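Asker: Contents of start15.pdb (PDB, C-alpha atoms) are given next:
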```pdb
ATOM      1  CA  MET F   1      -4.590  13.972   1.443  1.00  0.00           C
ATOM      2  CA  PRO F   2      -6.365  15.485   4.413  1.00  0.00           C
ATOM      3  CA  GLY F   3      -9.335  14.025   6.187  1.00  0.00           C
ATOM      4  CA  PRO F   4     -10.053  11.130   8.487  1.00  0.00           C
ATOM      5  CA  LEU F   5      -9.169   7.570   7.558  1.00  0.00           C
ATOM      6  CA  GLY F   6     -10.944   4.544   8.969  1.00  0.00           C
ATOM      7  CA  HIS F   7      -7.904   2.354   8.288  1.00  0.00           C
ATOM      8  CA  SER F   8      -4.176   2.996   8.353  1.00  0.00           C
ATOM      9  CA  PRO F   9      -2.474   3.790   5.034  1.00  0.00           C
ATOM     10  CA  ALA F  10      -0.580   0.467   5.348  1.00  0.00           C
ATOM     11  CA  ASP F  11      -3.893  -1.417   5.543  1.00  0.00           C
ATOM     12  CA  VAL F  12      -5.180   0.382   2.439  1.00  0.00           C
ATOM     13  CA  VAL F  13      -1.968  -0.147   0.451  1.00  0.00           C
ATOM     14  CA  ALA F  14      -1.774  -3.823   1.493  1.00  0.00           C
ATOM     15  CA  GLN F  15      -5.278  -4.333   0.098  1.00  0.00           C
ATOM     16  CA  LEU F  16      -4.280  -2.385  -3.021  1.00  0.00           C
ATOM     17  CA  VAL F  17      -1.349  -4.793  -3.545  1.00  0.00           C
ATOM     18  CA  VAL F  18      -3.780  -7.735  -3.300  1.00  0.00           C
ATOM     19  CA  ASP F  19      -6.354  -6.045  -5.567  1.00  0.00           C
ATOM     20  CA  GLN F  20      -3.703  -5.395  -8.227  1.00  0.00           C
ATOM     21  CA  GLY F  21      -2.608  -9.050  -8.162  1.00  0.00           C
ATOM     22  CA  TRP F  22       0.937  -8.399  -6.917  1.00  0.00           C
ATOM     23  CA  GLY F  23       0.257 -10.565  -3.851  1.00  0.00           C
ATOM     24  CA  ILE F  24      -2.583 -12.578  -2.361  1.00  0.00           C
ATOM     25  CA  GLU F  25      -4.522 -12.766   0.872  1.00  0.00           C
ATOM     26  CA  TYR F  26      -2.940 -15.095   3.420  1.00  0.00           C
ATOM     27  CA  ALA F  27      -4.435 -18.602   3.477  1.00  0.00           C
ATOM     28  CA  ASP F  28      -1.783 -20.724   5.235  1.00  0.00           C
ATOM     29  CA  ASP F  29       1.982 -21.036   5.649  1.00  0.00           C
ATOM     30  CA  ASN F  30       2.260 -22.581   2.167  1.00  0.00           C
ATOM     31  CA  THR F  31       0.754 -19.513   0.477  1.00  0.00           C
ATOM     32  CA  ASP F  32       3.200 -17.833  -1.905  1.00  0.00           C
ATOM     33  CA  TRP F  33       3.422 -14.022  -1.681  1.00  0.00           C
ATOM     34  CA  PRO F  34       0.707 -13.283   0.892  1.00  0.00           C
ATOM     35  CA  VAL F  35       0.368  -9.628   1.866  1.00  0.00           C
ATOM     36  CA  PHE F  36       0.361  -8.402   5.479  1.00  0.00           C
ATOM     37  CA  ALA F  37       0.004  -4.968   7.077  1.00  0.00           C
ATOM     38  CA  ASN F  38       2.087  -3.689  10.010  1.00  0.00           C
ATOM     39  CA  GLY F  39       3.276  -7.126  11.142  1.00  0.00           C
ATOM     40  CA  GLU F  40       5.020 -10.034   9.486  1.00  0.00           C
ATOM     41  CA  PRO F  41       4.797 -13.671  10.625  1.00  0.00           C
ATOM     42  CA  ASP F  42       7.795 -16.010  10.462  1.00  0.00           C
ATOM     43  CA  LEU F  43       6.209 -18.074   7.688  1.00  0.00           C
ATOM     44  CA  PRO F  44       5.835 -18.250   4.736  1.00  0.00           C
ATOM     45  CA  ASP F  45       9.275 -17.413   3.370  1.00  0.00           C
ATOM     46  CA  ASN F  46       7.980 -15.423   0.377  1.00  0.00           C
ATOM     47  CA  CYS F  47       5.773 -12.579   1.611  1.00  0.00           C
ATOM     48  CA  VAL F  48       5.020  -8.876   1.281  1.00  0.00           C
ATOM     49  CA  THR F  49       4.434  -6.636   4.295  1.00  0.00           C
ATOM     50  CA  VAL F  50       3.340  -2.997   4.231  1.00  0.00           C
ATOM     51  CA  TYR F  51       4.231  -0.742   7.173  1.00  0.00           C
ATOM     52  CA  ASP F  52       3.102   2.779   8.051  1.00  0.00           C
ATOM     53  CA  THR F  53       5.940   5.327   7.998  1.00  0.00           C
ATOM     54  CA  THR F  54       6.304   9.086   8.168  1.00  0.00           C
ATOM     55  CA  GLY F  55       4.426  10.998   5.496  1.00  0.00           C
ATOM     56  CA  VAL F  56       5.044  14.352   3.863  1.00  0.00           C
ATOM     57  CA  ASP F  57       3.320  17.563   4.964  1.00  0.00           C
ATOM     58  CA  GLN F  58       2.991  19.759   1.888  1.00  0.00           C
ATOM     59  CA  GLY F  59       1.500  22.790   3.569  1.00  0.00           C
ATOM     60  CA  ARG F  60      -1.897  24.336   4.148  1.00  0.00           C
ATOM     61  CA  MET F  61      -4.530  25.682   1.769  1.00  0.00           C
ATOM     62  CA  GLN F  62      -4.819  29.412   2.471  1.00  0.00           C
ATOM     63  CA  VAL F  63      -8.555  29.652   1.821  1.00  0.00           C
ATOM     64  CA  THR F  64      -9.805  26.578   3.692  1.00  0.00           C
ATOM     65  CA  GLY F  65      -6.995  25.859   6.152  1.00  0.00           C
ATOM     66  CA  GLU F  66      -7.023  22.239   4.974  1.00  0.00           C
ATOM     67  CA  ARG F  67      -3.656  20.432   5.159  1.00  0.00           C
ATOM     68  CA  ALA F  68      -2.104  18.957   2.015  1.00  0.00           C
ATOM     69  CA  GLU F  69      -0.266  15.813   3.023  1.00  0.00           C
ATOM     70  CA  SER F  70       0.751  12.408   1.722  1.00  0.00           C
ATOM     71  CA  ASP F  71       0.909   9.345   3.968  1.00  0.00           C
ATOM     72  CA  GLY F  72       4.135   7.372   4.128  1.00  0.00           C
ATOM     73  CA  PHE F  73       4.486   3.622   3.870  1.00  0.00           C
ATOM     74  CA  GLN F  74       7.147   1.004   3.314  1.00  0.00           C
ATOM     75  CA  VAL F  75       6.787  -2.223   1.372  1.00  0.00           C
ATOM     76  CA  ARG F  76       9.029  -4.981   2.696  1.00  0.00           C
ATOM     77  CA  VAL F  77       9.502  -8.043   0.507  1.00  0.00           C
ATOM     78  CA  ARG F  78      10.990 -11.185   2.047  1.00  0.00           C
ATOM     79  CA  GLY F  79      11.963 -14.011  -0.261  1.00  0.00           C
ATOM     80  CA  LYS F  80      13.609 -17.412  -0.318  1.00  0.00           C
ATOM     81  CA  THR F  81      16.084 -16.156  -2.904  1.00  0.00           C
ATOM     82  CA  ARG F  82      17.450 -12.749  -3.874  1.00  0.00           C
ATOM     83  CA  LYS F  83      16.221 -13.279  -7.450  1.00  0.00           C
ATOM     84  CA  ASP F  84      12.622 -14.041  -6.389  1.00  0.00           C
ATOM     85  CA  ALA F  85      12.469 -11.199  -3.856  1.00  0.00           C
ATOM     86  CA  PHE F  86      13.918  -8.678  -6.318  1.00  0.00           C
ATOM     87  CA  ALA F  87      11.450  -9.730  -9.027  1.00  0.00           C
ATOM     88  CA  LYS F  88       8.528  -9.250  -6.610  1.00  0.00           C
ATOM     89  CA  VAL F  89       9.633  -5.871  -5.227  1.00  0.00           C
ATOM     90  CA  ARG F  90      10.326  -4.651  -8.763  1.00  0.00           C
ATOM     91  CA  GLU F  91       6.872  -5.820  -9.923  1.00  0.00           C
ATOM     92  CA  ILE F  92       5.283  -3.826  -7.095  1.00  0.00           C
ATOM     93  CA  ALA F  93       7.460  -0.750  -7.729  1.00  0.00           C
ATOM     94  CA  VAL F  94       6.652  -0.649 -11.444  1.00  0.00           C
ATOM     95  CA  GLY F  95       2.989  -1.307 -10.653  1.00  0.00           C
ATOM     96  CA  PHE F  96       2.889   1.698  -8.322  1.00  0.00           C
ATOM     97  CA  ASP F  97       4.359   3.789 -11.148  1.00  0.00           C
ATOM     98  CA  THR F  98       1.956   2.652 -13.858  1.00  0.00           C
ATOM     99  CA  ASP F  99      -1.205   0.988 -12.512  1.00  0.00           C
ATOM    100  CA  VAL F 100      -2.471   2.837  -9.458  1.00  0.00           C
ATOM    101  CA  TYR F 101      -3.810   6.221 -10.552  1.00  0.00           C
ATOM    102  CA  GLY F 102      -7.331   6.661  -9.157  1.00  0.00           C
ATOM    103  CA  ALA F 103      -7.713   3.085  -7.876  1.00  0.00           C
ATOM    104  CA  THR F 104     -10.542   2.367  -5.444  1.00  0.00           C
ATOM    105  CA  VAL F 105      -9.816   0.086  -2.485  1.00  0.00           C
ATOM    106  CA  ASN F 106     -12.564  -1.350  -0.289  1.00  0.00           C
ATOM    107  CA  LEU F 107     -11.895  -2.392   3.311  1.00  0.00           C
ATOM    108  CA  ASP F 108     -14.559  -3.461   5.815  1.00  0.00           C
ATOM    109  CA  GLY F 109     -17.285  -1.536   3.993  1.00  0.00           C
ATOM    110  CA  VAL F 110     -15.219   1.639   3.584  1.00  0.00           C
ATOM    111  CA  ALA F 111     -13.991   2.852   0.186  1.00  0.00           C
ATOM    112  CA  TYR F 112     -10.707   4.672  -0.392  1.00  0.00           C
ATOM    113  CA  ARG F 113      -9.561   6.486  -3.514  1.00  0.00           C
ATOM    114  CA  VAL F 114      -5.816   6.048  -4.089  1.00  0.00           C
ATOM    115  CA  HIS F 115      -4.949   9.090  -6.171  1.00  0.00           C
ATOM    116  CA  SER F 116      -1.290   8.211  -6.624  1.00  0.00           C
ATOM    117  CA  VAL F 117       1.752   6.501  -5.169  1.00  0.00           C
ATOM    118  CA  LYS F 118       5.162   8.174  -5.351  1.00  0.00           C
ATOM    119  CA  ARG F 119       8.270   6.109  -4.755  1.00  0.00           C
ATOM    120  CA  ASN F 120      11.045   7.761  -2.776  1.00  0.00           C
ATOM    121  CA  GLY F 121      13.626   5.771  -4.734  1.00  0.00           C
ATOM    122  CA  ASP F 122      14.438   2.342  -6.056  1.00  0.00           C
ATOM    123  CA  PRO F 123      14.067  -0.911  -4.079  1.00  0.00           C
ATOM    124  CA  LEU F 124      16.726  -1.231  -1.401  1.00  0.00           C
ATOM    125  CA  PHE F 125      18.413  -4.585  -0.731  1.00  0.00           C
ATOM    126  CA  LEU F 126      18.782  -5.157   3.022  1.00  0.00           C
ATOM    127  CA  GLY F 127      20.502  -8.545   2.902  1.00  0.00           C
ATOM    128  CA  ALA F 128      19.685 -11.594   4.982  1.00  0.00           C
ATOM    129  CA  ALA F 129      16.448 -11.512   7.005  1.00  0.00           C
ATOM    130  CA  THR F 130      18.404 -12.685  10.078  1.00  0.00           C
ATOM    131  CA  PRO F 131      22.071 -13.579  10.546  1.00  0.00           C
ATOM    132  CA  GLY F 132      22.703 -16.926   8.873  1.00  0.00           C
ATOM    133  CA  SER F 133      19.311 -16.911   7.136  1.00  0.00           C
ATOM    134  CA  LYS F 134      18.962 -17.743   3.455  1.00  0.00           C
ATOM    135  CA  ARG F 135      15.890 -15.499   3.208  1.00  0.00           C
ATOM    136  CA  VAL F 136      16.544 -11.980   1.915  1.00  0.00           C
ATOM    137  CA  LEU F 137      14.826  -8.622   2.316  1.00  0.00           C
ATOM    138  CA  PHE F 138      14.113  -5.698   0.033  1.00  0.00           C
ATOM    139  CA  THR F 139      12.282  -2.506   0.979  1.00  0.00           C
ATOM    140  CA  LEU F 140      10.548   0.171  -1.044  1.00  0.00           C
ATOM    141  CA  ASN F 141       9.723   3.516   0.584  1.00  0.00           C
ATOM    142  CA  CYS F 142       6.797   5.520  -0.797  1.00  0.00           C
ATOM    143  CA  VAL F 143       4.143   8.107  -0.100  1.00  0.00           C
ATOM    144  CA  VAL F 144       0.515   7.728  -1.067  1.00  0.00           C
ATOM    145  CA  SER F 145      -2.115  10.324  -1.782  1.00  0.00           C
ATOM    146  CA  LEU F 146      -5.395   8.790  -0.680  1.00  0.00           C
ATOM    147  CA  ARG F 147      -8.761   9.793   0.657  1.00  0.00           C
ATOM    148  CA  GLN F 148     -11.564   7.948   2.342  1.00  0.00           C
ATOM    149  CA  VAL F 149     -14.377   8.318  -0.147  1.00  0.00           C
ATOM    150  CA  ASP F 150     -17.435   7.022   1.698  1.00  0.00           C
ATOM    151  CA  GLU F 151     -19.254   3.979   2.893  1.00  0.00           C
ATOM    152  CA  ILE F 152     -20.048   1.372   0.280  1.00  0.00           C
ATOM    153  CA  ALA F 153     -23.738   1.598  -0.614  1.00  0.00           C
ATOM    154  CA  GLY F 154     -24.769  -1.864  -1.776  1.00  0.00           C
ATOM    155  CA  ASP F 155     -23.094  -2.539  -5.103  1.00  0.00           C
ATOM    156  CA  ARG F 156     -22.515   1.175  -5.672  1.00  0.00           C
ATOM    157  CA  ILE F 157     -19.790   3.368  -4.214  1.00  0.00           C
ATOM    158  CA  LEU F 158     -20.125   7.022  -3.322  1.00  0.00           C
ATOM    159  CA  GLN F 159     -17.190   8.673  -5.033  1.00  0.00           C
ATOM    160  CA  GLU F 160     -15.747  12.116  -4.689  1.00  0.00           C
ATOM    161  CA  SER F 161     -15.695  14.364  -7.763  1.00  0.00           C
ATOM    162  CA  GLY F 162     -14.482  17.855  -7.001  1.00  0.00           C
ATOM    163  CA  ALA F 163     -16.812  19.327  -4.394  1.00  0.00           C
ATOM    164  CA  TYR F 164     -19.647  16.888  -5.123  1.00  0.00           C
ATOM    165  CA  LEU F 165     -20.392  13.290  -4.250  1.00  0.00           C
ATOM    166  CA  ILE F 166     -21.715  11.291  -7.179  1.00  0.00           C
ATOM    167  CA  LEU F 167     -23.499   7.976  -6.800  1.00  0.00           C
ATOM    168  CA  GLU F 168     -22.260   5.640  -9.543  1.00  0.00           C
TER     169      GLU F 168
END
```
Can I see the file as structure tokens?
Answerer:
Amino acid sequence: MPGPLGHSPADVVAQLVVDQGWGIEYADDNTDWPVFANGEPDLPDNCVTVYDTTGVDQGRMQVTGERAESDGFQVRVRGKTRKDAFAKVREIAVGFDTDVYGATVNLDGVAYRVHSVKRNGDPLFLGAATPGSKRVLFTLNCVVSLRQVDEIAGDRILQESGAYLILE
């Protein structure tokens, strides 16, 4: 979706993954399935990382000149075993298909409306994380339609509804 974003799409989607319960915020190297954005530490073994990738330009609105675009991102799942990593990437993929429509994500006092996530295909198995490693990698490439809604106003969020902003 057009318009300025205060955070990268990977940051927003990483928080979405945490909000949906498919991963957790990083606490320490013993945390299982922490979620990172645009950079992955060596530990823990089981983790989810979201990276910004190329989006899709869908053209321009004739009347307003506004661009219609979707931001690209990749989810990378690293796991101790192929079975665990596949289960996690599949959970996220199915969640994007069924649980995301119209979700609101809050980051640093800024709200984002995630209209939809479209997968570009099924999870892709990449093999060992490094030569000789027992850890394995899967990726999932997607595009997201999102818009920065507005600043969070106390316990209420300004949300976009057509051409109007409504205070809930």
Asker: Report, in Å with one decimal, the straight-line distance from CA of Gln15 (chain F) to CA of Thr31 (chain F).
Answerer: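 If I compute the distance from CA of Gln15 (chain F) to CA of Thr31 (chain F), I get 16.3 Å.
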Asker: Report as a PyMOL selection string the residues that result from applying the PyMOL selection byres ((chain F and resi 132-142) around 6) to the structure here.
Answerer: chain F and resi 72-80+82+118-120+123-131+143
Asker: Here is a test: counting all atoms listed in the file, which residue of F:Arg67, F:Arg90, F:Arg60, F:Arg147 is nearest to Val12 (chain F)?
Answerer: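 For Val12 (chain F), the nearest of the candidates is F:Arg147.
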Asker: Can you list, as a list in words, the residues that the PyMOL selection byres ((chain F and resi 59) around 12) selects here?
Answerer: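 Taken on the displayed file, the PyMOL selection byres ((chain F and resi 59) around 12) yields the residues Met1, Pro2, Val56, Asp57, Gln58, Arg60, Met61, Gln62, Thr64, Gly65, Glu66, Arg67, Ala68, Glu69 and Ser70 of chain F.
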Asker: Figure out the distance between CA of Leu107 (chain F) and CA of Pro4 (chain F), please, to one decimal in Å.
Answerer: 14.6 Å
Asker: CA of Gly121 (chain F) and CA of Thr104 (chain F), how far apart in Å?
Answerer: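 These two atoms are separated by 24.4 Å.
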Asker: Identify, on the basis of all atoms listed in the file, every residue whose closest approach to Asp32 (chain F) does not exceed 8 Å; exclude the query and any residue fewer than 3 positions from it along the same chain; express the result as a ChimeraX atom specification.
Answerer: /F:24,44,46-47
Asker: Mind telling me what the PyMOL selection byres ((chain F and resi 33) around 12) catches here, as an mmCIF file with C-alpha atoms, keeping the file's coordinate frame?
Answerer:
```cif
data_model
loop_
_atom_site.group_PDB
_atom_site.id
_atom_site.type_symbol
_atom_site.label_atom_id
_atom_site.label_comp_id
_atom_site.auth_asym_id
_atom_site.auth_seq_id
_atom_site.Cartn_x
_atom_site.Cartn_y
_atom_site.Cartn_z
ATOM 1 C CA ALA F 14 -1.774 -3.823 1.493
ATOM 2 C CA VAL F 17 -1.349 -4.793 -3.545
ATOM 3 C CA VAL F 18 -3.780 -7.735 -3.300
ATOM 4 C CA GLY F 21 -2.608 -9.050 -8.162
ATOM 5 C CA TRP F 22 0.937 -8.399 -6.917
ATOM 6 C CA GLY F 23 0.257 -10.565 -3.851
ATOM 7 C CA ILE F 24 -2.583 -12.578 -2.361
ATOM 8 C CA GLU F 25 -4.522 -12.766 0.872
ATOM 9 C CA TYR F 26 -2.940 -15.095 3.420
ATOM 10 C CA ALA F 27 -4.435 -18.602 3.477
ATOM 11 C CA ASP F 28 -1.783 -20.724 5.235
ATOM 12 C CA ASP F 29 1.982 -21.036 5.649
ATOM 13 C CA ASN F 30 2.260 -22.581 2.167
ATOM 14 C CA THR F 31 0.754 -19.513 0.477
ATOM 15 C CA ASP F 32 3.200 -17.833 -1.905
ATOM 16 C CA PRO F 34 0.707 -13.283 0.892
ATOM 17 C CA VAL F 35 0.368 -9.628 1.866
ATOM 18 C CA PHE F 36 0.361 -8.402 5.479
ATOM 19 C CA GLU F 40 5.020 -10.034 9.486
ATOM 20 C CA LEU F 43 6.209 -18.074 7.688
ATOM 21 C CA PRO F 44 5.835 -18.250 4.736
ATOM 22 C CA ASP F 45 9.275 -17.413 3.370
ATOM 23 C CA ASN F 46 7.980 -15.423 0.377
ATOM 24 C CA CYS F 47 5.773 -12.579 1.611
ATOM 25 C CA VAL F 48 5.020 -8.876 1.281
ATOM 26 C CA THR F 49 4.434 -6.636 4.295
ATOM 27 C CA ARG F 76 9.029 -4.981 2.696
ATOM 28 C CA VAL F 77 9.502 -8.043 0.507
ATOM 29 C CA ARG F 78 10.990 -11.185 2.047
ATOM 30 C CA GLY F 79 11.963 -14.011 -0.261
ATOM 31 C CA LYS F 80 13.609 -17.412 -0.318
ATOM 32 C CA ASP F 84 12.622 -14.041 -6.389
ATOM 33 C CA ALA F 85 12.469 -11.199 -3.856
ATOM 34 C CA ALA F 87 11.450 -9.730 -9.027
ATOM 35 C CA LYS F 88 8.528 -9.250 -6.610
ATOM 36 C CA VAL F 89 9.633 -5.871 -5.227
ATOM 37 C CA ILE F 92 5.283 -3.826 -7.095
#
```
Asker: Please enclose the listed atoms of region 14-27 of chain F in an axis-aligned box, pad each side by 8 Å, and write out the centre and the three edge lengths in Å, rounded to one decimal, as JSON.
Answerer:
```
{"center_x": -2.7, "center_y": -10.5, "center_z": -2.4, "size_x": 23.3, "size_y": 32.2, "size_z": 27.7}
```
